[in-house]
Amino acid sequence: MLKTLSFSFSLSSPAPSSFPSNKPQNPFSPEFNSFPPHFSLSSKWHFPSSTFKPRAKAKELVLGNPTITVEKGKYSYEVETLIDKLSSLPPRGSIARCLDTFRNKLSLNDFALVFKEFAHRGDWQRSLRLFKYMQRQIWCKPNEHIYTIVIGVLGREGLLEKCQEIFEEMPAHNVARSVFSYTAIINAYGRNGQYETALELLNRMKIERIPPSILTYNTVINACARGGSDWEELLGLFAEMRHEGIQPDIVTYNTLLSACAIRGLGDEAEMVFRTMNESGVLPDITTHSYVVETFGKLGKLEKVSELLNKLESGGNVPDISSYNVLLEAYAKQGSIKEAMGVFRQMQAAGCMPNAATYSILLNLYGSQRRYDDVRDLFLEMKVSNTEPDASTYNILIQVFGEGGYFKEVVTLFHDMVDENVEPNMETYEGLIFACGRGGLHEDAKKILLHMNEKGIVPSPKAYTGVIEAYGCAALYEEALVAFNTMNEVGRRPSIETYNSLIHTFARGGLYRESEAILNRMGESAIPRNRDSFNGLIEGFRQGGQFEEAVKAYVEMEMARCDPDEQTLEAVLSVYCFAGLVEESEAHFHEIKALGILPSVMCYSMMLAVYAKNERLNNAYELLDEMLNNRSSNIHQVIGQMMKGDFDDDSNWQMVEYVFDQLNSEGCGFGMRFYNTILEALWWLGQKARAARVLNEATKRGLFPELSRKNNLVWSLDVHSCRMWPGGACTALSLWFNDVYQMFKDGADLPHLASIIVVRGQMEQSSVTKDFPVVKAAYSFLKDNVPASSFSFPGWNKGRIVCQRTQLKRLLSGVEQTSTESEKNQIMPLSNSPMDLRSTRTSRHRYSKVDQRSTAEKETIIRREKKLVASTA
């Protein structure tokens, strides 16, 4: 913002001024020493009629009992008492009676303080009533200082007629006008966009032989700059003030630079900046902000570096804020090389970076996902003894949270505490948000406890992060406790909070709970959005309620919630779970028809449904399509991985790189992504590759509590990990092999082996047997282990258990395989050979699609138009 001594400005653009045109061509020239003013002035002064139209509506103030009391100790007792009495004065109350007790006790300086207090409040009505009363008195007759204050108060409210009236009546009250009252009236007109009148007032004060001050000229120049005067007119004013012996100050130069920034005048800005430095006026952060803004608009930020270099070579090293302004400009452009050039330039000039400098660069590196550079720069910051502040840590937490380095975010918090940097609400929100996306429920809980110990009430965003973290681990009770606590402490849940809770239950197939949350949203007048419906569709699908899932999609369209890619993926997953090949194909092509490249997850679901329905030719053709997709590297890499091109450890690094890049999407996305890949691999017979992918997911923090063991129970929890059927079968195979290996190594078997397929209230219901993942797990056990070894206990329908004696009999009876690679496996994992078609086959498939009947084409076109209309 522009600095001023006592006035601030906010002007619009009136008509051009008729200011004199005879001006020096270059008032910045050192040779300049004279300015011949040629003004056409009349001896009789008058205000133009347009002057009396106020530019801003005055604030309405109802007088009565005061809602604002003066701060105790701010003024003397008498002044405070008068302010409070006037504040409580009713609209028709008598100011005379109010002031009787203060007669001859208050000086005009005391009254000036009263006016300044009302000016601070914007209370022009009380100011004007008090002023009119004082004009009628002898003991407190206003002096010019009070006239000046009152004109300023009324000017800020846009009451120009009243300003002019008070200004004009000054001589009648024997109050001489000086530079202060003239500057006040000039400022009143200037700030309300009437810069021509401001110029006329400047001329009038010269006729009355009242010399303008630096503040007067700054006020007029600012009014003209904001009002739209051309550059030559501004130069004329600048030259005029120098001719009159008034040396421009920092405000003058900043006002001219502001005009350059608005008009995009690069050469003129450089001239002003150079003249400023030659005059010995040191630039401040406002100066550099305007210079950067000017050259930024022109795409010549390197010019600012040159100007800073000239300052450095002249021995005037700019302060840190000057460099930071330029760094910020480069950061907004994403120009890392140029930003680092400025950073090294300031270091070479002996200007030490501060926390704000590093924060700008850390944020810049983070925005371009250069996380190693972020770490190196933060280490450099610490080595250079530049202490990070809360803003620095907040940026780091945001950068690493968005990058998927969730545990590193928690480490940053501990480092912050060790460095005695006080976290703020933004810190806590960023931390818990990262924990929520990463499923770090233990860390989220500890941070919440830390906030409670500090007496800090978490925000709705923080509570939402905690619920998200609990949801990723299927900790339903804990998530509900956090939700209820949030309501108890007066934090109103947001739509994101409700959606997080819906997805918490939906991922586990607990569709009844998801429906209940959706109904609660309606009762709380929280509008449902597409994320709400996406969660509901997912819940019905995971719970095997396929018709209800499709109904939810229809209801979503009726509620005018536009579907997004996640919606389309969720609907496709419903058809694929239900084994509906034709419907899956139609929906897959609808996604393409919308101009959307189906994601890897969509391709994987289609591969799975083809494989489960023994349509391997279709599956191979679709996989060939993935391999030839040149617009997406991830499609090619995942396709090649499924085919077996990356089985070698050195080539597998490509797969690991893709998986690492997906970490930033968070736990919820990761579960969906890995489940679809596992679904495709398992049903395509690529079981060894499925096992390898599951291990990769576990290494990246997904499915952290897949298996547990203690002396009593060894368990596999496919529910908490939100497994799909293919993922559950893969996990069961690996778990059985691990159990068998421990048995061979002499480990004591537990009393119970348990496979957890459902949690929550649904585990008491026999309906859970219809869950797709429950069916898949039970069928897998029936097909691969002796009958009756594993069964549903009467006490819990969400567990499939095996007693110790039966488990021992099962493991003891395993026949050793002949091959070396499978001798320690109770569930052999191998990859079936694939007969991939060529690209020609893929093209032939498309030609067959194009040969569909007219009726089929019309049906698809109708669907496409409907979806396009809903997403428009």
# chains A, B, ... in the order shown; residues from 1 in each chain; ligands from 1
call {"tool": "residues_around", "arguments": {"residues": "A:Trp795", "least_positions_apart": "5", "cutoff": "12 Å", "atoms": "only C-alpha atoms", "output": "PyMOL selection string"}}
result
chain A and resi 763-766+800-801
call {"tool": "residues_around", "arguments": {"residues": "A:Gly813", "least_positions_apart": "2", "cutoff": "12 Å", "atoms": "only C-alpha atoms", "output": "mmCIF file with C-alpha atoms, in the first residue's frame"}}
result
data_model
loop_
_atom_site.group_PDB
_atom_site.id
_atom_site.type_symbol
_atom_site.label_atom_id
_atom_site.label_comp_id
_atom_site.auth_asym_id
_atom_site.auth_seq_id
_atom_site.Cartn_x
_atom_site.Cartn_y
_atom_site.Cartn_z
ATOM 1 C CA TYR A 740 2.557 -72.495 7.061
ATOM 2 C CA VAL A 785 -8.524 -76.083 2.300
ATOM 3 C CA PRO A 786 -10.304 -79.181 3.623
ATOM 4 C CA GLN A 806 -8.204 -78.106 12.951
ATOM 5 C CA LEU A 807 -5.477 -75.646 11.937
ATOM 6 C CA LYS A 808 -2.768 -78.062 13.064
ATOM 7 C CA ARG A 809 -4.400 -80.917 11.164
ATOM 8 C CA LEU A 810 -4.665 -78.690 8.079
ATOM 9 C CA LEU A 811 -1.020 -77.638 8.147
ATOM 10 C CA GLU A 815 1.697 -82.236 0.694
ATOM 11 C CA GLN A 816 5.055 -80.885 -0.312
ATOM 12 C CA ILE A 826 0.510 -74.067 1.048
#
call {"tool": "closest_atom_pairs", "arguments": {"of": "stretch 458-565 of chain A", "to": "stretch 418-428 of chain A", "cutoff": "12 Å", "atoms": "only C-alpha atoms", "output": "tab-separated table"}}
result
residue	atom	partner	partner_atom	distance
A:Pro458	CA	A:Met425	CA	7.8
A:Ser459	CA	A:Met425	CA	7.7
A:Pro460	CA	A:Met425	CA	11.0
A:Lys461	CA	A:Tyr428	CA	9.4
A:Ala462	CA	A:Tyr428	CA	6.9
A:Tyr463	CA	A:Tyr428	CA	10.3
A:Thr464	CA	A:Tyr428	CA	11.9
A:Gly465	CA	A:Tyr428	CA	10.0
A:Val466	CA	A:Tyr428	CA	11.0
call {"tool": "closest_residue", "arguments": {"among": "A:Gln636, A:Gln137, A:Thr392, A:Asn187", "to": "A:Val153", "atoms": "only C-alpha atoms"}}
result
A:Asn187
call {"tool": "residues_around", "arguments": {"residues": "A:Ser335", "least_positions_apart": "4", "cutoff": "12 Å", "atoms": "only C-alpha atoms", "output": "number ranges by chain"}}
result
A: 301-302, 326-331, 339-342, 360-361, 364-365, 367-368
call {"tool": "closest_residue", "arguments": {"among": "A:Phe669, A:Lys709, A:Leu86, A:Gln825", "to": "A:Pro750", "atoms": "only C-alpha atoms"}}
result
A:Lys709
call {"tool": "select_by_dssp", "arguments": {"residues": "stretch 644-780 of chain A", "states": "strand (DSSP E)", "output": "PDB file with N, CA, C and O atoms, in the first residue's frame"}}
result
ATOM      1  N   SER A 707      -2.521 -58.206   8.696  1.00  0.00           N
ATOM      2  CA  SER A 707      -2.402 -59.429   9.506  1.00  0.00           C
ATOM      3  C   SER A 707      -1.862 -59.074  10.883  1.00  0.00           C
ATOM      4  O   SER A 707      -1.041 -58.171  11.034  1.00  0.00           O
ATOM      5  N   ARG A 708      -2.364 -59.811  11.881  1.00  0.00           N
ATOM      6  CA  ARG A 708      -1.912 -59.631  13.260  1.00  0.00           C
ATOM      7  C   ARG A 708      -1.766 -61.005  13.883  1.00  0.00           C
ATOM      8  O   ARG A 708      -2.434 -61.961  13.495  1.00  0.00           O
ATOM      9  N   LYS A 709      -0.913 -61.037  14.903  1.00  0.00           N
ATOM     10  CA  LYS A 709      -0.780 -62.317  15.617  1.00  0.00           C
ATOM     11  C   LYS A 709      -0.393 -62.061  17.066  1.00  0.00           C
ATOM     12  O   LYS A 709       0.358 -61.146  17.384  1.00  0.00           O
ATOM     13  N   VAL A 713      -4.623 -65.449  19.052  1.00  0.00           N
ATOM     14  CA  VAL A 713      -5.256 -65.361  17.730  1.00  0.00           C
ATOM     15  C   VAL A 713      -4.244 -64.929  16.677  1.00  0.00           C
ATOM     16  O   VAL A 713      -3.452 -64.013  16.905  1.00  0.00           O
ATOM     17  N   TRP A 714      -4.287 -65.618  15.541  1.00  0.00           N
ATOM     18  CA  TRP A 714      -3.629 -65.133  14.332  1.00  0.00           C
ATOM     19  C   TRP A 714      -4.759 -64.734  13.384  1.00  0.00           C
ATOM     20  O   TRP A 714      -5.661 -65.534  13.095  1.00  0.00           O
ATOM     21  N   SER A 715      -4.724 -63.490  12.906  1.00  0.00           N
ATOM     22  CA  SER A 715      -5.856 -63.026  12.107  1.00  0.00           C
ATOM     23  C   SER A 715      -5.396 -62.353  10.823  1.00  0.00           C
ATOM     24  O   SER A 715      -4.303 -61.797  10.749  1.00  0.00           O
ATOM     25  N   LEU A 716      -6.292 -62.414   9.839  1.00  0.00           N
ATOM     26  CA  LEU A 716      -6.135 -61.672   8.590  1.00  0.00           C
ATOM     27  C   LEU A 716      -7.367 -60.777   8.465  1.00  0.00           C
ATOM     28  O   LEU A 716      -8.499 -61.269   8.429  1.00  0.00           O
ATOM     29  N   ASP A 717      -7.149 -59.475   8.409  1.00  0.00           N
ATOM     30  CA  ASP A 717      -8.268 -58.518   8.411  1.00  0.00           C
ATOM     31  C   ASP A 717      -8.436 -57.919   7.016  1.00  0.00           C
ATOM     32  O   ASP A 717      -7.856 -56.888   6.689  1.00  0.00           O
ATOM     33  N   LEU A 752      -6.855 -69.770  17.954  1.00  0.00           N
ATOM     34  CA  LEU A 752      -7.829 -69.492  16.917  1.00  0.00           C
ATOM     35  C   LEU A 752      -7.153 -68.781  15.749  1.00  0.00           C
ATOM     36  O   LEU A 752      -6.349 -67.873  15.953  1.00  0.00           O
ATOM     37  N   ALA A 753      -7.482 -69.213  14.533  1.00  0.00           N
ATOM     38  CA  ALA A 753      -7.101 -68.480  13.324  1.00  0.00           C
ATOM     39  C   ALA A 753      -8.372 -67.835  12.781  1.00  0.00           C
ATOM     40  O   ALA A 753      -9.400 -68.518  12.631  1.00  0.00           O
ATOM     41  N   SER A 754      -8.313 -66.528  12.531  1.00  0.00           N
ATOM     42  CA  SER A 754      -9.529 -65.793  12.184  1.00  0.00           C
ATOM     43  C   SER A 754      -9.308 -64.936  10.945  1.00  0.00           C
ATOM     44  O   SER A 754      -8.291 -64.251  10.823  1.00  0.00           O
ATOM     45  N   ILE A 755     -10.283 -64.980  10.046  1.00  0.00           N
ATOM     46  CA  ILE A 755     -10.292 -64.105   8.873  1.00  0.00           C
ATOM     47  C   ILE A 755     -11.446 -63.121   9.067  1.00  0.00           C
ATOM     48  O   ILE A 755     -12.614 -63.522   9.115  1.00  0.00           O
ATOM     49  N   ILE A 756     -11.103 -61.855   9.221  1.00  0.00           N
ATOM     50  CA  ILE A 756     -12.106 -60.830   9.503  1.00  0.00           C
ATOM     51  C   ILE A 756     -12.595 -60.272   8.174  1.00  0.00           C
ATOM     52  O   ILE A 756     -11.838 -59.658   7.425  1.00  0.00           O
TER      53      ILE A 756
END
call {"tool": "atom_distance", "arguments": {"atom1": "atom CA of A:Val457", "atom2": "atom CA of A:Phe433"}}
result
15.7 Å
call {"tool": "closest_residue", "arguments": {"among": "A:Glu555, A:Val150, A:Asp738, A:Met605", "to": "A:Phe131", "atoms": "only C-alpha atoms"}}
result
A:Val150
call {"tool": "closest_residue", "arguments": {"among": "A:Thr386, A:Thr768, A:Thr197, A:Gln164", "to": "A:His719", "atoms": "only C-alpha atoms"}}
result
A:Thr768
call {"tool": "select_by_dssp", "arguments": {"residues": "stretch 346-409 of chain A", "states": "alpha helix (DSSP H)", "output": "mmCIF file with N, CA, C and O atoms, in the first residue's frame"}}
result
data_model
loop_
_atom_site.group_PDB
_atom_site.id
_atom_site.type_symbol
_atom_site.label_atom_id
_atom_site.label_comp_id
_atom_site.auth_asym_id
_atom_site.auth_seq_id
_atom_site.Cartn_x
_atom_site.Cartn_y
_atom_site.Cartn_z
ATOM 1 N N MET A 346 21.444 -12.214 -3.799
ATOM 2 C CA MET A 346 21.317 -11.520 -2.520
ATOM 3 C C MET A 346 22.355 -12.028 -1.530
ATOM 4 O O MET A 346 22.897 -11.251 -0.738
ATOM 5 N N GLN A 347 22.641 -13.330 -1.584
ATOM 6 C CA GLN A 347 23.668 -13.865 -0.690
ATOM 7 C C GLN A 347 25.032 -13.277 -1.025
ATOM 8 O O GLN A 347 25.802 -12.909 -0.130
ATOM 9 N N ALA A 348 25.330 -13.152 -2.334
ATOM 10 C CA ALA A 348 26.610 -12.584 -2.763
ATOM 11 C C ALA A 348 26.733 -11.118 -2.369
ATOM 12 O O ALA A 348 27.831 -10.619 -2.104
ATOM 13 N N ALA A 355 13.405 -16.001 7.187
ATOM 14 C CA ALA A 355 12.472 -17.129 7.113
ATOM 15 C C ALA A 355 11.505 -16.963 5.939
ATOM 16 O O ALA A 355 11.151 -17.946 5.275
ATOM 17 N N ALA A 356 11.100 -15.722 5.665
ATOM 18 C CA ALA A 356 10.177 -15.478 4.547
ATOM 19 C C ALA A 356 10.825 -15.840 3.221
ATOM 20 O O ALA A 356 10.173 -16.390 2.318
ATOM 21 N N THR A 357 12.129 -15.559 3.078
ATOM 22 C CA THR A 357 12.853 -15.893 1.843
ATOM 23 C C THR A 357 12.812 -17.396 1.597
ATOM 24 O O THR A 357 12.454 -17.862 0.503
ATOM 25 N N TYR A 358 13.199 -18.139 2.619
ATOM 26 C CA TYR A 358 13.207 -19.598 2.473
ATOM 27 C C TYR A 358 11.806 -20.152 2.256
ATOM 28 O O TYR A 358 11.611 -21.115 1.495
ATOM 29 N N SER A 359 10.815 -19.546 2.903
ATOM 30 C CA SER A 359 9.444 -20.026 2.740
ATOM 31 C C SER A 359 8.995 -19.909 1.288
ATOM 32 O O SER A 359 8.333 -20.811 0.759
ATOM 33 N N ILE A 360 9.352 -18.803 0.647
ATOM 34 C CA ILE A 360 8.979 -18.603 -0.763
ATOM 35 C C ILE A 360 9.599 -19.706 -1.622
ATOM 36 O O ILE A 360 8.931 -20.310 -2.468
ATOM 37 N N LEU A 361 10.884 -19.973 -1.407
ATOM 38 C CA LEU A 361 11.583 -20.966 -2.235
ATOM 39 C C LEU A 361 11.117 -22.385 -1.921
ATOM 40 O O LEU A 361 10.978 -23.214 -2.829
ATOM 41 N N LEU A 362 10.866 -22.679 -0.650
ATOM 42 C CA LEU A 362 10.374 -24.006 -0.278
ATOM 43 C C LEU A 362 9.028 -24.277 -0.936
ATOM 44 O O LEU A 362 8.778 -25.374 -1.441
ATOM 45 N N ASN A 363 8.179 -23.275 -0.925
ATOM 46 C CA ASN A 363 6.866 -23.416 -1.552
ATOM 47 C C ASN A 363 6.993 -23.587 -3.061
ATOM 48 O O ASN A 363 6.256 -24.369 -3.683
ATOM 49 N N LEU A 364 7.951 -22.881 -3.663
ATOM 50 C CA LEU A 364 8.178 -22.983 -5.099
ATOM 51 C C LEU A 364 8.642 -24.384 -5.480
ATOM 52 O O LEU A 364 8.117 -24.995 -6.417
ATOM 53 N N TYR A 365 9.631 -24.913 -4.775
ATOM 54 C CA TYR A 365 10.095 -26.276 -5.038
ATOM 55 C C TYR A 365 8.973 -27.287 -4.810
ATOM 56 O O TYR A 365 8.791 -28.237 -5.590
ATOM 57 N N GLY A 366 8.219 -27.083 -3.730
ATOM 58 C CA GLY A 366 7.146 -28.015 -3.418
ATOM 59 C C GLY A 366 6.073 -28.034 -4.473
ATOM 60 O O GLY A 366 5.527 -29.101 -4.801
ATOM 61 N N SER A 367 5.743 -26.856 -5.040
ATOM 62 C CA SER A 367 4.697 -26.791 -6.058
ATOM 63 C C SER A 367 5.080 -27.568 -7.311
ATOM 64 O O SER A 367 4.206 -27.972 -8.082
ATOM 65 N N TYR A 371 10.883 -32.655 -4.134
ATOM 66 C CA TYR A 371 10.921 -32.844 -2.678
ATOM 67 C C TYR A 371 12.342 -32.945 -2.132
ATOM 68 O O TYR A 371 12.610 -32.476 -1.022
ATOM 69 N N ASP A 372 13.249 -33.522 -2.897
ATOM 70 C CA ASP A 372 14.640 -33.586 -2.442
ATOM 71 C C ASP A 372 15.229 -32.180 -2.319
ATOM 72 O O ASP A 372 15.980 -31.884 -1.385
ATOM 73 N N ASP A 373 14.878 -31.307 -3.269
ATOM 74 C CA ASP A 373 15.351 -29.926 -3.203
ATOM 75 C C ASP A 373 14.753 -29.194 -2.004
ATOM 76 O O ASP A 373 15.399 -28.348 -1.392
ATOM 77 N N VAL A 374 13.502 -29.524 -1.682
ATOM 78 C CA VAL A 374 12.873 -28.934 -0.496
ATOM 79 C C VAL A 374 13.655 -29.324 0.749
ATOM 80 O O VAL A 374 13.962 -28.482 1.612
ATOM 81 N N ARG A 375 14.000 -30.599 0.845
ATOM 82 C CA ARG A 375 14.749 -31.070 2.024
ATOM 83 C C ARG A 375 16.128 -30.405 2.093
ATOM 84 O O ARG A 375 16.567 -29.983 3.172
ATOM 85 N N ASP A 376 16.808 -30.332 0.940
ATOM 86 C CA ASP A 376 18.148 -29.724 0.925
ATOM 87 C C ASP A 376 18.093 -28.252 1.319
ATOM 88 O O ASP A 376 18.941 -27.764 2.079
ATOM 89 N N LEU A 377 17.091 -27.545 0.817
ATOM 90 C CA LEU A 377 16.979 -26.114 1.112
ATOM 91 C C LEU A 377 16.636 -25.884 2.585
ATOM 92 O O LEU A 377 17.152 -24.959 3.215
ATOM 93 N N PHE A 378 15.788 -26.741 3.136
ATOM 94 C CA PHE A 378 15.438 -26.611 4.554
ATOM 95 C C PHE A 378 16.664 -26.889 5.431
ATOM 96 O O PHE A 378 16.887 -26.216 6.445
ATOM 97 N N LEU A 379 17.472 -27.860 5.008
ATOM 98 C CA LEU A 379 18.707 -28.141 5.750
ATOM 99 C C LEU A 379 19.659 -26.953 5.658
ATOM 100 O O LEU A 379 20.284 -26.558 6.658
ATOM 101 N N GLU A 380 19.767 -26.353 4.462
ATOM 102 C CA GLU A 380 20.604 -25.166 4.289
ATOM 103 C C GLU A 380 20.116 -24.027 5.188
ATOM 104 O O GLU A 380 20.921 -23.282 5.761
ATOM 105 N N MET A 381 18.819 -23.902 5.303
ATOM 106 C CA MET A 381 18.233 -22.860 6.157
ATOM 107 C C MET A 381 18.669 -23.041 7.601
ATOM 108 O O MET A 381 19.046 -22.090 8.289
ATOM 109 N N LYS A 382 18.633 -24.282 8.065
ATOM 110 C CA LYS A 382 19.008 -24.546 9.462
ATOM 111 C C LYS A 382 20.502 -24.348 9.681
ATOM 112 O O LYS A 382 20.926 -23.808 10.708
ATOM 113 N N VAL A 383 21.305 -24.779 8.708
ATOM 114 C CA VAL A 383 22.760 -24.634 8.822
ATOM 115 C C VAL A 383 23.159 -23.169 8.861
ATOM 116 O O VAL A 383 24.106 -22.769 9.554
ATOM 117 N N ALA A 390 6.554 -20.404 12.150
ATOM 118 C CA ALA A 390 5.375 -21.252 11.946
ATOM 119 C C ALA A 390 4.989 -21.302 10.470
ATOM 120 O O ALA A 390 4.579 -22.354 9.968
ATOM 121 N N SER A 391 5.142 -20.177 9.760
ATOM 122 C CA SER A 391 4.792 -20.151 8.340
ATOM 123 C C SER A 391 5.668 -21.101 7.534
ATOM 124 O O SER A 391 5.198 -21.778 6.613
ATOM 125 N N THR A 392 6.953 -21.157 7.880
ATOM 126 C CA THR A 392 7.870 -22.075 7.188
ATOM 127 C C THR A 392 7.426 -23.516 7.387
ATOM 128 O O THR A 392 7.341 -24.299 6.432
ATOM 129 N N TYR A 393 7.150 -23.876 8.643
ATOM 130 C CA TYR A 393 6.717 -25.249 8.919
ATOM 131 C C TYR A 393 5.371 -25.542 8.252
ATOM 132 O O TYR A 393 5.141 -26.659 7.765
ATOM 133 N N ASN A 394 4.482 -24.564 8.221
ATOM 134 C CA ASN A 394 3.185 -24.775 7.577
ATOM 135 C C ASN A 394 3.347 -25.093 6.100
ATOM 136 O O ASN A 394 2.640 -25.945 5.549
ATOM 137 N N ILE A 395 4.287 -24.398 5.461
ATOM 138 C CA ILE A 395 4.552 -24.666 4.042
ATOM 139 C C ILE A 395 5.106 -26.071 3.866
ATOM 140 O O ILE A 395 4.674 -26.825 2.977
ATOM 141 N N LEU A 396 6.044 -26.459 4.712
ATOM 142 C CA LEU A 396 6.628 -27.800 4.625
ATOM 143 C C LEU A 396 5.575 -28.871 4.865
ATOM 144 O O LEU A 396 5.540 -29.900 4.169
ATOM 145 N N ILE A 397 4.725 -28.640 5.845
ATOM 146 C CA ILE A 397 3.664 -29.605 6.147
ATOM 147 C C ILE A 397 2.721 -29.738 4.961
ATOM 148 O O ILE A 397 2.313 -30.843 4.585
ATOM 149 N N GLN A 398 2.386 -28.609 4.352
ATOM 150 C CA GLN A 398 1.513 -28.649 3.178
ATOM 151 C C GLN A 398 2.196 -29.354 2.004
ATOM 152 O O GLN A 398 1.583 -30.199 1.339
ATOM 153 N N VAL A 399 3.456 -29.014 1.765
ATOM 154 C CA VAL A 399 4.189 -29.582 0.621
ATOM 155 C C VAL A 399 4.296 -31.099 0.750
ATOM 156 O O VAL A 399 3.962 -31.846 -0.177
ATOM 157 N N PHE A 400 4.753 -31.577 1.918
ATOM 158 C CA PHE A 400 4.949 -33.017 2.078
ATOM 159 C C PHE A 400 3.621 -33.750 2.254
ATOM 160 O O PHE A 400 3.497 -34.920 1.874
ATOM 161 N N GLY A 401 2.625 -33.064 2.812
ATOM 162 C CA GLY A 401 1.306 -33.678 2.916
ATOM 163 C C GLY A 401 0.693 -33.909 1.551
ATOM 164 O O GLY A 401 0.140 -34.972 1.274
ATOM 165 N N GLU A 402 0.817 -32.912 0.671
ATOM 166 C CA GLU A 402 0.288 -33.066 -0.686
ATOM 167 C C GLU A 402 1.131 -34.031 -1.511
ATOM 168 O O GLU A 402 0.643 -34.624 -2.467
ATOM 169 N N PHE A 406 3.453 -38.626 4.331
ATOM 170 C CA PHE A 406 2.629 -38.342 5.499
ATOM 171 C C PHE A 406 3.401 -38.508 6.812
ATOM 172 O O PHE A 406 3.245 -37.709 7.747
ATOM 173 N N LYS A 407 4.234 -39.519 6.887
ATOM 174 C CA LYS A 407 5.016 -39.714 8.120
ATOM 175 C C LYS A 407 6.051 -38.606 8.292
ATOM 176 O O LYS A 407 6.384 -38.222 9.418
ATOM 177 N N GLU A 408 6.552 -38.097 7.186
ATOM 178 C CA GLU A 408 7.518 -36.996 7.261
ATOM 179 C C GLU A 408 6.849 -35.733 7.815
ATOM 180 O O GLU A 408 7.483 -34.923 8.482
ATOM 181 N N VAL A 409 5.558 -35.591 7.536
ATOM 182 C CA VAL A 409 4.807 -34.457 8.083
ATOM 183 C C VAL A 409 4.781 -34.533 9.601
ATOM 184 O O VAL A 409 4.974 -33.522 10.296
#
call {"tool": "closest_atom_pairs", "arguments": {"of": "stretch 245-285 of chain A", "to": "stretch 228-238 of chain A", "cutoff": "10 Å", "atoms": "only C-alpha atoms", "output": "JSON lines"}}
result
{"residue": "A:Ile246", "atom": "CA", "partner": "A:Phe238", "partner_atom": "CA", "distance": 9.6}
{"residue": "A:Gln247", "atom": "CA", "partner": "A:Phe238", "partner_atom": "CA", "distance": 9.6}
{"residue": "A:Pro248", "atom": "CA", "partner": "A:Phe238", "partner_atom": "CA", "distance": 7.9}
{"residue": "A:Thr252", "atom": "CA", "partner": "A:Phe238", "partner_atom": "CA", "distance": 8.2}
{"residue": "A:Tyr253", "atom": "CA", "partner": "A:Phe238", "partner_atom": "CA", "distance": 9.3}
{"residue": "A:Thr255", "atom": "CA", "partner": "A:Leu234", "partner_atom": "CA", "distance": 9.8}
{"residue": "A:Leu256", "atom": "CA", "partner": "A:Leu234", "partner_atom": "CA", "distance": 7.6}
{"residue": "A:Ala259", "atom": "CA", "partner": "A:Trp231", "partner_atom": "CA", "distance": 8.0}
{"residue": "A:Cys260", "atom": "CA", "partner": "A:Trp231", "partner_atom": "CA", "distance": 8.3}
{"residue": "A:Ile262", "atom": "CA", "partner": "A:Gly228", "partner_atom": "CA", "distance": 9.7}
{"residue": "A:Arg263", "atom": "CA", "partner": "A:Trp231", "partner_atom": "CA", "distance": 8.8}
{"residue": "A:Leu265", "atom": "CA", "partner": "A:Trp231", "partner_atom": "CA", "distance": 9.1}
{"residue": "A:Glu268", "atom": "CA", "partner": "A:Trp231", "partner_atom": "CA", "distance": 8.9}
call {"tool": "closest_residue", "arguments": {"among": "A:Thr567, A:Ser584, A:Asn628, A:Ser664", "to": "A:Asp531", "atoms": "only C-alpha atoms"}}
result
A:Thr567
call {"tool": "atom_distance", "arguments": {"atom1": "atom CA of A:Tyr575", "atom2": "atom CA of A:Pro598"}}
result
15.3 Å
call {"tool": "atom_distance", "arguments": {"atom1": "atom CA of A:Lys797", "atom2": "atom CA of A:Arg759"}}
result
9.3 Å
call {"tool": "residues_around", "arguments": {"residues": "A:Ala269", "least_positions_apart": "3", "cutoff": "12 Å", "atoms": "only C-alpha atoms", "output": "PyMOL selection string"}}
result
chain A and resi 28+231+253-266+272-276+287-295+298+303-304+307
call {"tool": "residues_around", "arguments": {"residues": "A:Val79", "least_positions_apart": "5", "cutoff": "12 Å", "atoms": "only C-alpha atoms", "output": "list in words"}}
result
Val70, Glu71, Lys72, Gly73, Lys74, Asp84, Lys85, Leu86, Leu99, Phe102, Lys105, Leu106, Ser107, Leu108, Asn109, Asp110, Phe111, Ala112, Leu113, Val114, Phe115, Lys116 and Glu117 of chain A
call {"tool": "closest_residue", "arguments": {"among": "A:Ser305, A:Gln194, A:Ser599, A:Asn663", "to": "A:His635", "atoms": "only C-alpha atoms"}}
result
A:Ser599
